[in-house]
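Notes follow the structure.
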Amino acid sequence: MKKGFRYALFATAVLLLASCSATKYVPEGSYLLDEVRIQTDNREIKPSGLSMYVRQNPNAKWFSLIKTQLYVYNWSGRDSARWINRTLRRIGDAPVIYKEEETKHSGEEMKKAVQNMGYMSATVEPVVQIKKKKKLKLTYKVSSGKPYKIRSLKYDIRDEKIREYMRQDSAGTYLTEGMYFDVNRLDAERQRITDNLLRNGYYKFNKEYISYTADTVRNTYQVDVTMHLAPFRQHNDDSPQNHRQYYINKVNFITDYNVLESSALSSIEINDSVHYKGFPIYYKDKLYLRPKVLTNNLSIVPGSLYNEPDVQRTYSNFGRLQALKYTNIRFFEIQVGDTAKLNAYVMLTKSKYQSVSFELEGTNSAGDLGAAASVSFQNRNMFKGSETFMIKLRGAYEAVSGLQGGYNHEDYTELGAEATINFPRFLFPFLSNDFRRKIRATTEFGVQYNYQIRPEFSRIIASANWSYKWGLQRQRAQHRIDLLDINYLYMPSISQEFRDKYLNNEQNYILKYNYDDRLIVRTGYSYTYNSAGQALMNNAIIGNSYSIRFNFESAGNLLYAFARMTNMKKNEDGEYSLLSIPFAQYVKGDFDFAKNIVIDNRNSIAFHVGAGIAVPYGNATIVPFEKRYFSGGANSVRGWSVRDLGPGVFPGDGNFMNQSGDVKLDASIEYRTRLFWKFRGAIFVDAGNIWTLRDYKDQPGGKFEFNKFYKQIAVAYGLGLRLDLDFFVLRFDGGMKAVNPVYNTKKEHFPIIHPKFSRDFAFHFAVGYPF
């Protein structure tokens, strides 16, 4: 502890010395912008909402506390020819020198923003306070004044047809008499009306045709507002006319469009065409997609009014097809009698269908080193319907150490193969084509085979699945239904040494259960929602966001009902068996909520809570190991190594299978900050544990009890370093135990008071953020 205190004292001294030189590169007569604040006299006007208008912000702080990068910059010498000085300046941040002109512009923009909220007499006063050592504090004092309100609303809409559309849609208006004269809401109403008209054939309409006049009532804070609709003019010199509604005339497909060449139709190379259900399809050499695939993904209907959402749905539908690289939809006006119509051209660019990839990785299981390699082949247009077929072969080898006597060899070999095929449509028998078109889901079938050879045993895991997914990656919500997922665990051989030591021991029921042949037939549903949607790109912090994940699955119910109906005999363990293979029966549910709160452009707070429960019943007294929960590791309570915590107060016995449970609670909070270059830092606190629902003899102290579980919550704290390479994140976390439920004595139960590095520290390396 004395040594730790000396280190802390030394770090504090370094920071104090750094702070003394914070103005080293501030010129004489200038000031370092040390602090910026916004003060408002109105609770409805939040300072955080005005911070975006501040043009000059102080140097960024690590964890909102220390201007580390400014200090790094100031450590550099004045000789820019030396590499160390250039490096320090590149890593650090130059001091932000206060500029009066930037302050003036910031105040003006802030004032306009407040006035747009309805506070027309608002003022913004920048107050400058000179501090010691050439530092300056800037405060923007915002006085809102009394808000202006809309006394009356009038509409100057001379186009009768548009006026009728607006009347029919008036229930959705954003404007009401008595509301604040909020320019943002006025503009939102323009966009709302425009969107409605774009759904009803007004192809050329945009919100600039809608304007307002506002007349203030003398000696009051009231405004009379009139909305105006400008007539349509093709050119400025043309006479005004009513806005035209457009109908869809024909829809054409061009399947070999090259985005690098001219977009003019006359320049697109076309050699042949085919007509399918009235839709012309033009192609160059060979039609690579079935005509039915093109028409099934088309939402633009010939003969109907132009509808902008139909166009966007068509983009979305074709965007799901892996056989296509780009989609572009163009419209050309024609006049048929007195009716304005549009010819639509859906222009498609194909992608490369086939690819082969090879992966090589190193493995490390409890110190045993090995290597694994895999090769996969993918075809993204298997049956000319943009079906994605993938087959993958994998092999691994690992040297196994620490085994003593009774084993024929000391290595681990794994061979695996899997194949999946994904159809970009909803496949199910006895359903009409129109119904399947409405459900924009993808269907996936897959089979997997894995053969493991260890010194203790050999194991085969075979599985097959049938699932549906809908919701694109760019959308906020995604759903998945596992209609049928069959897993078969087969143990061809078990060494006598392993059997005598572990499986024949009546105390170790969990281990024995998971090394018997087992059949799992399950169905499941999962839902994921991310409020950031497509805005969250490359791990960038866009703004406050949250995500919700929910999963539910059950297994064995139909098999159990069939066994009861047919009076199937039970085996010696009291289980029903199908073809002499006992099947698992359980129900399982998981929920996880995560939220990210942005403090500024460099700092944020993220937290998550999660819970899960798996209940064995009927034909089983325990949940299969693959479906049980574990705690500890890079994505759990990081003061413990992976699978090293719980259940309950169970300290572990060296068998990782016994450190699994049926109930899981997790919670974490992280303070994240940008350091320099692509490095990010984090301070975190984790809490959680797992428990069993039954009192298993080989997991003493692991059962969940309402009057005890909250006393068994483990807590950890630590620091993290992340390397954000845009396309993926490398994460290094070091966690220390704060509360260890295994121990009863105060000294050991609260290691945060009496830490012991060798006992309480855990290091984690992972890819991606923990939540």
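Please note that chains go A, B, ... in the order of the structure tokens, that every chain numbers its residues from 1, and that ligands are numbered from 1 in the order shown.
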Who sits within 12 Å of A:Ile193, only C-alpha atoms, same chain under 5 positions skipped, as a ChimeraX atom specification = /A:162-175,186-188,198-200,202,205-211,227,229
Residues from last step as file, C-alpha atoms, as a CSV table (one decimal), in the first residue's frame:
```csv
chain,number,residue,atom,x,y,z
A,162,ILE,CA,-54.0,20.0,-52.3
A,163,ARG,CA,-56.3,21.8,-49.9
A,164,GLU,CA,-58.5,18.7,-49.8
A,165,TYR,CA,-55.5,16.5,-49.1
A,166,MET,CA,-54.5,18.8,-46.3
A,167,ARG,CA,-58.0,18.8,-44.8
A,168,GLN,CA,-58.1,15.0,-44.8
A,169,ASP,CA,-54.7,14.9,-43.0
A,170,SER,CA,-55.3,17.8,-40.6
A,171,ALA,CA,-55.5,15.5,-37.6
A,172,GLY,CA,-51.7,15.0,-37.8
A,173,THR,CA,-50.8,18.7,-37.9
A,174,TYR,CA,-48.0,20.1,-35.7
A,175,LEU,CA,-49.6,23.6,-35.5
A,186,LEU,CA,-43.4,25.4,-38.5
A,187,ASP,CA,-40.7,23.8,-40.7
A,188,ALA,CA,-41.6,20.3,-39.5
A,198,LEU,CA,-45.4,12.7,-52.1
A,199,ARG,CA,-47.5,9.7,-51.1
A,200,ASN,CA,-50.4,10.9,-53.3
A,202,TYR,CA,-47.1,14.9,-56.3
A,205,PHE,CA,-43.4,18.7,-54.9
A,206,ASN,CA,-41.0,19.9,-52.2
A,207,LYS,CA,-41.4,21.9,-49.0
A,208,GLU,CA,-40.1,25.1,-50.6
A,209,TYR,CA,-43.5,25.6,-52.2
A,210,ILE,CA,-44.9,26.1,-48.7
A,211,SER,CA,-44.1,29.4,-46.8
A,227,MET,CA,-49.5,29.5,-44.5
A,229,LEU,CA,-48.8,27.5,-51.1
```
May I ask which of the residues A:Lys384, A:Arg459, A:Arg549, A:Arg55 is the closest one to A:Val36, counting only C-alpha atoms?
->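 Closest to A:Val36 of all the choices is A:Arg55.
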Name the residues in contact with A:Ile752 at a cut-off of 7 Å, using only C-alpha atoms, excluding same-chain residues fewer than 6 positions from it; report them as a list in words.
->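 So the residues in contact are Lys737, Ala738 and Val739 of chain A.
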Wanna dump the stretch 3-102 of chain A-stretch 118-126 of chain A contacts at 10 Å for me, each residue with its shortest atom pair and the distance in Å to one decimal, counting only C-alpha atoms, ordered by chain and number, as JSON lines?
```
{"residue": "A:Arg37", "atom": "CA", "partner": "A:Pro126", "partner_atom": "CA", "distance": 9.8}
{"residue": "A:Ile38", "atom": "CA", "partner": "A:Pro126", "partner_atom": "CA", "distance": 9.2}
{"residue": "A:Gln39", "atom": "CA", "partner": "A:Val124", "partner_atom": "CA", "distance": 9.6}
{"residue": "A:Thr40", "atom": "CA", "partner": "A:Val124", "partner_atom": "CA", "distance": 9.2}
{"residue": "A:Glu100", "atom": "CA", "partner": "A:Pro126", "partner_atom": "CA", "distance": 9.7}
```
Export of prior selection with all heavy atoms as a short mmCIF file (atom, residue, chain, number, x, y, z; two decimals), in the first residue's frame:
```cif
data_model
loop_
_atom_site.label_atom_id
_atom_site.label_comp_id
_atom_site.auth_asym_id
_atom_site.auth_seq_id
_atom_site.Cartn_x
_atom_site.Cartn_y
_atom_site.Cartn_z
N ARG A 37 -19.01 28.06 -20.48
CA ARG A 37 -20.28 27.68 -19.87
C ARG A 37 -21.43 28.41 -20.54
O ARG A 37 -21.24 29.49 -21.11
CB ARG A 37 -20.27 27.99 -18.36
CG ARG A 37 -19.38 27.07 -17.54
CD ARG A 37 -19.57 27.34 -16.06
NE ARG A 37 -18.76 26.43 -15.24
CZ ARG A 37 -18.77 26.44 -13.91
NH1 ARG A 37 -19.54 27.30 -13.26
NH2 ARG A 37 -18.01 25.60 -13.23
N ILE A 38 -22.61 27.81 -20.45
CA ILE A 38 -23.84 28.44 -20.95
C ILE A 38 -24.83 28.50 -19.80
O ILE A 38 -25.13 27.47 -19.17
CB ILE A 38 -24.43 27.65 -22.13
CG1 ILE A 38 -23.42 27.55 -23.28
CG2 ILE A 38 -25.73 28.29 -22.60
CD1 ILE A 38 -23.87 26.67 -24.43
N GLN A 39 -25.33 29.68 -19.51
CA GLN A 39 -26.31 29.87 -18.45
C GLN A 39 -27.59 30.42 -19.06
O GLN A 39 -27.55 31.37 -19.84
CB GLN A 39 -25.78 30.83 -17.38
CG GLN A 39 -24.58 30.31 -16.60
CD GLN A 39 -24.08 31.30 -15.56
OE1 GLN A 39 -24.59 32.41 -15.46
NE2 GLN A 39 -23.07 30.91 -14.80
N THR A 40 -28.73 29.83 -18.71
CA THR A 40 -30.02 30.30 -19.21
C THR A 40 -30.92 30.65 -18.03
O THR A 40 -30.81 30.04 -16.95
CB THR A 40 -30.71 29.25 -20.09
OG1 THR A 40 -31.10 28.13 -19.28
CG2 THR A 40 -29.77 28.76 -21.20
N GLU A 100 -12.14 36.61 -30.03
CA GLU A 100 -13.34 37.39 -29.77
C GLU A 100 -14.35 37.28 -30.92
O GLU A 100 -15.56 37.25 -30.71
CB GLU A 100 -12.95 38.86 -29.55
CG GLU A 100 -14.12 39.74 -29.15
CD GLU A 100 -13.69 41.16 -28.84
OE1 GLU A 100 -12.47 41.43 -28.88
OE2 GLU A 100 -14.57 42.00 -28.56
#
```
Which neighbours of A:Gln378 fall inside 7 Å, counting only C-alpha atoms, when residues of the same chain fewer than 6 positions from it are skipped, and could you give them as a compact mmCIF listing (two decimals) with all heavy atoms, in the first residue's frame?
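Output contents, as saved in out.txt:
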```
# COMPACT_ATOMS: atom_id res chain seq x y z
N GLN A 354 -19.35 -15.38 -56.65
CA GLN A 354 -18.61 -16.43 -55.96
C GLN A 354 -17.37 -15.87 -55.29
O GLN A 354 -16.71 -14.95 -55.80
CB GLN A 354 -18.23 -17.55 -56.94
CG GLN A 354 -19.43 -18.21 -57.60
CD GLN A 354 -19.03 -19.32 -58.56
OE1 GLN A 354 -17.84 -19.57 -58.77
NE2 GLN A 354 -20.00 -20.00 -59.13
N SER A 355 -17.06 -16.44 -54.14
CA SER A 355 -15.86 -16.03 -53.42
C SER A 355 -15.36 -17.19 -52.57
O SER A 355 -16.14 -18.03 -52.12
CB SER A 355 -16.14 -14.81 -52.53
OG SER A 355 -17.09 -15.13 -51.53
N VAL A 356 -14.05 -17.21 -52.36
CA VAL A 356 -13.41 -18.22 -51.51
C VAL A 356 -12.56 -17.46 -50.50
O VAL A 356 -11.82 -16.53 -50.86
CB VAL A 356 -12.53 -19.18 -52.32
CG1 VAL A 356 -11.83 -20.17 -51.41
CG2 VAL A 356 -13.37 -19.94 -53.35
N PHE A 389 -25.49 -19.26 -50.83
CA PHE A 389 -25.06 -20.59 -50.35
C PHE A 389 -23.63 -20.48 -49.83
O PHE A 389 -22.76 -19.87 -50.45
CB PHE A 389 -25.12 -21.61 -51.48
CG PHE A 389 -24.52 -22.95 -51.12
CD1 PHE A 389 -25.22 -23.84 -50.31
CD2 PHE A 389 -23.26 -23.30 -51.58
CE1 PHE A 389 -24.67 -25.06 -49.97
CE2 PHE A 389 -22.70 -24.52 -51.24
CZ PHE A 389 -23.41 -25.41 -50.43
N MET A 390 -23.39 -21.07 -48.65
CA MET A 390 -22.06 -21.03 -48.06
C MET A 390 -21.72 -22.39 -47.49
O MET A 390 -22.55 -23.03 -46.83
CB MET A 390 -22.01 -19.98 -46.95
CG MET A 390 -20.59 -19.72 -46.40
SD MET A 390 -20.10 -20.86 -45.07
CE MET A 390 -21.20 -20.35 -43.76
N ILE A 391 -20.52 -22.84 -47.78
CA ILE A 391 -20.01 -24.07 -47.18
C ILE A 391 -18.64 -23.78 -46.59
O ILE A 391 -17.82 -23.07 -47.20
CB ILE A 391 -19.94 -25.23 -48.21
CG1 ILE A 391 -19.51 -26.52 -47.51
CG2 ILE A 391 -19.04 -24.88 -49.38
CD1 ILE A 391 -19.66 -27.76 -48.37
```
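Using only C-alpha atoms for every distance, the candidate list A:Ala22, A:Val183, A:Gly395, A:Val251 yields A:Ala22 as the residue closest to A:Ile66.
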Excluding A:Asn57 and any residue of its chain fewer than 4 positions from it, enumerate the residues within 8 Å of it, using only C-alpha atoms, and give them as a tab-separated table (two decimals) with N, CA and C atoms, in the first residue's frame.
```tsv
chain	number	residue	atom	x	y	z
A	33	LEU	N	-8.30	29.59	-23.74
A	33	LEU	CA	-9.72	29.39	-23.43
A	33	LEU	C	-9.82	28.18	-22.50
A	35	GLU	N	-12.28	27.54	-20.03
A	35	GLU	CA	-13.60	27.02	-19.64
A	35	GLU	C	-14.67	27.78	-20.40
A	36	VAL	N	-15.72	27.05	-20.85
A	36	VAL	CA	-16.87	27.66	-21.52
A	36	VAL	C	-18.14	27.13	-20.86
A	96	VAL	N	-6.08	26.05	-27.19
A	96	VAL	CA	-7.15	26.81	-27.85
A	96	VAL	C	-7.03	28.26	-27.40
```
So how many Å separate atom CA of A:Ala667 and atom CA of A:His608, to one decimal?
-> 5.6 Å
In stretch 110-182 of chain A, DSSP strand (DSSP E or B) residues written as an MDAnalysis selection string = chainID A and resid 123:131 135:143 149:156 180
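One distance worth recording is that between atom CA of A:Val729 and atom CA of A:Gln448, which is 29.0 Å.
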Option closest in space to A:Gly734, from A:Ser641, A:Thr443, A:Ser143, A:Ser495 [counting only C-alpha atoms] = A:Ser641
Helix (DSSP H, G or I) call set, DSSP backbone run, stretch 231-433 of chain A, as a PDB file with N, CA and C atoms, in the first residue's frame:
```pdb
ATOM      1  N   LEU A 265     -29.997   6.678 -70.808  1.00  0.00           N
ATOM      2  CA  LEU A 265     -30.515   5.366 -71.234  1.00  0.00           C
ATOM      3  C   LEU A 265     -29.933   4.931 -72.574  1.00  0.00           C
ATOM      4  N   SER A 266     -29.684   5.896 -73.440  1.00  0.00           N
ATOM      5  CA  SER A 266     -29.174   5.555 -74.774  1.00  0.00           C
ATOM      6  C   SER A 266     -27.765   4.991 -74.733  1.00  0.00           C
ATOM      7  N   SER A 267     -27.027   5.257 -73.645  1.00  0.00           N
ATOM      8  CA  SER A 267     -25.637   4.790 -73.567  1.00  0.00           C
ATOM      9  C   SER A 267     -25.508   3.446 -72.876  1.00  0.00           C
ATOM     10  N   PRO A 291     -37.041 -13.565 -63.671  1.00  0.00           N
ATOM     11  CA  PRO A 291     -37.983 -12.434 -63.753  1.00  0.00           C
ATOM     12  C   PRO A 291     -38.906 -12.349 -62.538  1.00  0.00           C
ATOM     13  N   LYS A 292     -39.315 -13.484 -61.993  1.00  0.00           N
ATOM     14  CA  LYS A 292     -40.209 -13.476 -60.836  1.00  0.00           C
ATOM     15  C   LYS A 292     -39.550 -12.812 -59.631  1.00  0.00           C
ATOM     16  N   VAL A 293     -38.223 -12.960 -59.491  1.00  0.00           N
ATOM     17  CA  VAL A 293     -37.504 -12.333 -58.390  1.00  0.00           C
ATOM     18  C   VAL A 293     -37.568 -10.813 -58.517  1.00  0.00           C
ATOM     19  N   LEU A 294     -37.456 -10.306 -59.738  1.00  0.00           N
ATOM     20  CA  LEU A 294     -37.505  -8.863 -59.956  1.00  0.00           C
ATOM     21  C   LEU A 294     -38.884  -8.305 -59.630  1.00  0.00           C
ATOM     22  N   THR A 295     -39.927  -8.947 -60.130  1.00  0.00           N
ATOM     23  CA  THR A 295     -41.277  -8.416 -59.897  1.00  0.00           C
ATOM     24  C   THR A 295     -41.720  -8.591 -58.444  1.00  0.00           C
ATOM     25  N   ASN A 296     -41.276  -9.644 -57.781  1.00  0.00           N
ATOM     26  CA  ASN A 296     -41.667  -9.854 -56.380  1.00  0.00           C
ATOM     27  C   ASN A 296     -41.090  -8.796 -55.451  1.00  0.00           C
ATOM     28  N   GLU A 308     -43.967   7.963 -52.912  1.00  0.00           N
ATOM     29  CA  GLU A 308     -42.556   7.960 -52.513  1.00  0.00           C
ATOM     30  C   GLU A 308     -42.203   6.781 -51.604  1.00  0.00           C
ATOM     31  N   PRO A 309     -43.032   6.405 -50.583  1.00  0.00           N
ATOM     32  CA  PRO A 309     -42.702   5.228 -49.771  1.00  0.00           C
ATOM     33  C   PRO A 309     -42.583   3.936 -50.591  1.00  0.00           C
ATOM     34  N   ASP A 310     -43.371   3.813 -51.677  1.00  0.00           N
ATOM     35  CA  ASP A 310     -43.232   2.632 -52.540  1.00  0.00           C
ATOM     36  C   ASP A 310     -41.858   2.596 -53.197  1.00  0.00           C
ATOM     37  N   VAL A 311     -41.347   3.760 -53.554  1.00  0.00           N
ATOM     38  CA  VAL A 311     -40.012   3.833 -54.158  1.00  0.00           C
ATOM     39  C   VAL A 311     -38.954   3.415 -53.142  1.00  0.00           C
ATOM     40  N   GLN A 312     -39.090   3.910 -51.905  1.00  0.00           N
ATOM     41  CA  GLN A 312     -38.116   3.555 -50.874  1.00  0.00           C
ATOM     42  C   GLN A 312     -38.198   2.079 -50.505  1.00  0.00           C
ATOM     43  N   ARG A 313     -39.417   1.518 -50.490  1.00  0.00           N
ATOM     44  CA  ARG A 313     -39.546   0.080 -50.230  1.00  0.00           C
ATOM     45  C   ARG A 313     -38.891  -0.736 -51.328  1.00  0.00           C
ATOM     46  N   THR A 314     -38.994  -0.272 -52.557  1.00  0.00           N
ATOM     47  CA  THR A 314     -38.344  -0.979 -53.663  1.00  0.00           C
ATOM     48  C   THR A 314     -36.826  -0.957 -53.500  1.00  0.00           C
ATOM     49  N   TYR A 315     -36.284   0.211 -53.133  1.00  0.00           N
ATOM     50  CA  TYR A 315     -34.847   0.280 -52.842  1.00  0.00           C
ATOM     51  C   TYR A 315     -34.472  -0.702 -51.735  1.00  0.00           C
ATOM     52  N   SER A 316     -35.272  -0.725 -50.678  1.00  0.00           N
ATOM     53  CA  SER A 316     -34.985  -1.608 -49.552  1.00  0.00           C
ATOM     54  C   SER A 316     -35.055  -3.073 -49.957  1.00  0.00           C
ATOM     55  N   ASN A 317     -36.071  -3.428 -50.752  1.00  0.00           N
ATOM     56  CA  ASN A 317     -36.221  -4.830 -51.164  1.00  0.00           C
ATOM     57  C   ASN A 317     -35.055  -5.294 -52.020  1.00  0.00           C
ATOM     58  N   PHE A 318     -34.649  -4.490 -52.973  1.00  0.00           N
ATOM     59  CA  PHE A 318     -33.530  -4.886 -53.826  1.00  0.00           C
ATOM     60  C   PHE A 318     -32.205  -4.805 -53.082  1.00  0.00           C
ATOM     61  N   GLY A 319     -32.152  -3.961 -52.059  1.00  0.00           N
ATOM     62  CA  GLY A 319     -30.937  -3.894 -51.252  1.00  0.00           C
ATOM     63  C   GLY A 319     -30.684  -5.166 -50.466  1.00  0.00           C
ATOM     64  N   ASN A 433     -48.632 -16.470 -52.795  1.00  0.00           N
ATOM     65  CA  ASN A 433     -47.477 -15.665 -53.177  1.00  0.00           C
ATOM     66  C   ASN A 433     -47.631 -14.225 -52.703  1.00  0.00           C
TER      67      ASN A 433
END
```
Identify which of the residues A:Lys697, A:Arg518, A:Lys149, A:Lys512 lies closest to A:Ser580, counting only C-alpha atoms when measuring atom-to-atom distances.
->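 For A:Ser580, the nearest of the given residues is A:Arg518.
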Do you know which residues are at most 9 Å from A:Arg394 counting only C-alpha atoms, after dropping those on the same chain fewer than 6 positions away, and could you put them as an NGL selection string?
-> :A and (372-376 or 414-418 or 450)
Could you pull the residues within 10 Å of stretch 464-469 of chain A, counting only C-alpha atoms, minus those fewer than 5 positions along the same chain, as a VMD selection string?
-> chain A and resid 418 to 420 422 to 427 440 to 449 478 to 488 521 to 527
Put those residues in a file: N, CA and C atoms, as a tab-separated table (two decimals), in the first residue's frame.
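Result file is again18.tsv:
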```tsv
chain	number	residue	atom	x	y	z
A	418	GLU	N	-19.82	-26.99	-42.17
A	418	GLU	CA	-21.16	-26.41	-42.09
A	418	GLU	C	-21.57	-25.89	-43.46
A	419	ALA	N	-22.86	-25.91	-43.69
A	419	ALA	CA	-23.41	-25.42	-44.95
A	419	ALA	C	-24.72	-24.70	-44.65
A	420	THR	N	-24.89	-23.54	-45.25
A	420	THR	CA	-26.13	-22.78	-45.09
A	420	THR	C	-26.58	-22.25	-46.44
A	422	ASN	N	-29.39	-19.26	-47.80
A	422	ASN	CA	-30.27	-18.18	-47.39
A	422	ASN	C	-31.10	-17.73	-48.59
A	423	PHE	N	-32.43	-17.76	-48.43
A	423	PHE	CA	-33.34	-17.30	-49.48
A	423	PHE	C	-33.87	-15.92	-49.09
A	424	PRO	N	-33.76	-14.92	-49.97
A	424	PRO	CA	-34.20	-13.56	-49.60
A	424	PRO	C	-35.71	-13.40	-49.71
A	425	ARG	N	-36.45	-14.36	-49.24
A	425	ARG	CA	-37.91	-14.31	-49.25
A	425	ARG	C	-38.44	-15.27	-48.20
A	426	PHE	N	-39.71	-15.12	-47.89
A	426	PHE	CA	-40.35	-15.93	-46.86
A	426	PHE	C	-40.83	-17.23	-47.50
A	427	LEU	N	-40.25	-18.35	-47.07
A	427	LEU	CA	-40.63	-19.66	-47.61
A	427	LEU	C	-41.41	-20.44	-46.56
A	440	ARG	N	-41.53	-9.38	-45.64
A	440	ARG	CA	-40.19	-9.22	-46.20
A	440	ARG	C	-39.16	-9.86	-45.28
A	441	ALA	N	-39.19	-11.17	-45.23
A	441	ALA	CA	-38.26	-11.92	-44.38
A	441	ALA	C	-37.33	-12.75	-45.25
A	442	THR	N	-36.20	-13.14	-44.69
A	442	THR	CA	-35.30	-14.08	-45.34
A	442	THR	C	-35.40	-15.43	-44.63
A	443	THR	N	-35.25	-16.47	-45.40
A	443	THR	CA	-35.35	-17.83	-44.87
A	443	THR	C	-33.98	-18.49	-44.95
A	444	GLU	N	-33.59	-19.16	-43.89
A	444	GLU	CA	-32.26	-19.79	-43.85
A	444	GLU	C	-32.38	-21.24	-43.40
A	445	PHE	N	-31.70	-22.11	-44.14
A	445	PHE	CA	-31.56	-23.51	-43.76
A	445	PHE	C	-30.06	-23.78	-43.57
A	446	GLY	N	-29.74	-24.55	-42.57
A	446	GLY	CA	-28.33	-24.83	-42.32
A	446	GLY	C	-28.12	-26.17	-41.66
A	447	VAL	N	-26.95	-26.75	-41.91
A	447	VAL	CA	-26.53	-27.98	-41.24
A	447	VAL	C	-25.08	-27.79	-40.79
A	448	GLN	N	-24.74	-28.36	-39.65
A	448	GLN	CA	-23.39	-28.27	-39.10
A	448	GLN	C	-22.98	-29.64	-38.55
A	449	TYR	N	-21.68	-29.90	-38.69
A	449	TYR	CA	-21.12	-31.16	-38.16
A	449	TYR	C	-19.77	-30.83	-37.53
A	478	GLN	N	-34.79	-5.64	-35.50
A	478	GLN	CA	-34.53	-6.88	-36.22
A	478	GLN	C	-35.16	-8.04	-35.45
A	479	HIS	N	-35.73	-8.98	-36.21
A	479	HIS	CA	-36.39	-10.13	-35.62
A	479	HIS	C	-35.78	-11.41	-36.19
A	480	ARG	N	-35.84	-12.44	-35.39
A	480	ARG	CA	-35.39	-13.76	-35.84
A	480	ARG	C	-36.27	-14.82	-35.19
A	481	ILE	N	-36.77	-15.73	-36.00
A	481	ILE	CA	-37.53	-16.87	-35.51
A	481	ILE	C	-36.80	-18.14	-35.91
A	482	ASP	N	-36.39	-18.92	-34.92
A	482	ASP	CA	-35.84	-20.25	-35.17
A	482	ASP	C	-37.01	-21.23	-35.13
A	483	LEU	N	-37.55	-21.51	-36.29
A	483	LEU	CA	-38.73	-22.37	-36.35
A	483	LEU	C	-38.39	-23.79	-35.88
A	484	LEU	N	-37.22	-24.25	-36.28
A	484	LEU	CA	-36.79	-25.60	-35.87
A	484	LEU	C	-35.27	-25.63	-35.81
A	485	ASP	N	-34.75	-26.02	-34.67
A	485	ASP	CA	-33.30	-26.13	-34.48
A	485	ASP	C	-33.04	-27.45	-33.76
A	486	ILE	N	-32.40	-28.37	-34.48
A	486	ILE	CA	-32.15	-29.72	-33.95
A	486	ILE	C	-30.65	-29.87	-33.69
A	487	ASN	N	-30.30	-30.23	-32.47
A	487	ASN	CA	-28.92	-30.47	-32.10
A	487	ASN	C	-28.79	-31.88	-31.53
A	488	TYR	N	-27.79	-32.59	-32.02
A	488	TYR	CA	-27.58	-33.96	-31.54
A	488	TYR	C	-26.15	-34.08	-31.03
A	521	VAL	N	-34.24	-30.41	-29.41
A	521	VAL	CA	-35.10	-29.92	-30.49
A	521	VAL	C	-35.80	-28.67	-29.96
A	522	ARG	N	-35.41	-27.52	-30.47
A	522	ARG	CA	-35.89	-26.27	-29.89
A	522	ARG	C	-36.49	-25.34	-30.94
A	523	THR	N	-37.29	-24.38	-30.46
A	523	THR	CA	-37.77	-23.26	-31.24
A	523	THR	C	-37.46	-21.99	-30.45
A	524	GLY	N	-37.33	-20.88	-31.15
A	524	GLY	CA	-36.96	-19.66	-30.44
A	524	GLY	C	-37.30	-18.41	-31.21
A	525	TYR	N	-37.31	-17.29	-30.48
A	525	TYR	CA	-37.56	-15.98	-31.08
A	525	TYR	C	-36.62	-14.96	-30.43
A	526	SER	N	-36.03	-14.09	-31.23
A	526	SER	CA	-35.17	-13.04	-30.70
A	526	SER	C	-35.51	-11.71	-31.36
A	527	TYR	N	-35.37	-10.65	-30.58
A	527	TYR	CA	-35.70	-9.30	-31.04
A	527	TYR	C	-34.58	-8.37	-30.62
```
Which residues of stretch 590-679 of chain A sit at most 8 Å from stretch 59-65 of chain A, using only C-alpha atoms? Give each one's shortest atom pair and distance in Å (one decimal place), in chain and ascending residue order, as JSON lines.
```
{"residue": "A:Arg602", "atom": "CA", "partner": "A:Ala60", "partner_atom": "CA", "distance": 7.1}
{"residue": "A:Asn603", "atom": "CA", "partner": "A:Phe63", "partner_atom": "CA", "distance": 6.4}
{"residue": "A:Tyr671", "atom": "CA", "partner": "A:Phe63", "partner_atom": "CA", "distance": 7.0}
{"residue": "A:Arg672", "atom": "CA", "partner": "A:Phe63", "partner_atom": "CA", "distance": 7.0}
{"residue": "A:Thr673", "atom": "CA", "partner": "A:Phe63", "partner_atom": "CA", "distance": 5.6}
{"residue": "A:Arg674", "atom": "CA", "partner": "A:Trp62", "partner_atom": "CA", "distance": 7.0}
{"residue": "A:Leu675", "atom": "CA", "partner": "A:Trp62", "partner_atom": "CA", "distance": 6.5}
```
For atom CA of A:Met347 and atom CA of A:Phe279, quote the distance in Å rounded to one decimal.
->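 The value is 13.4 Å.
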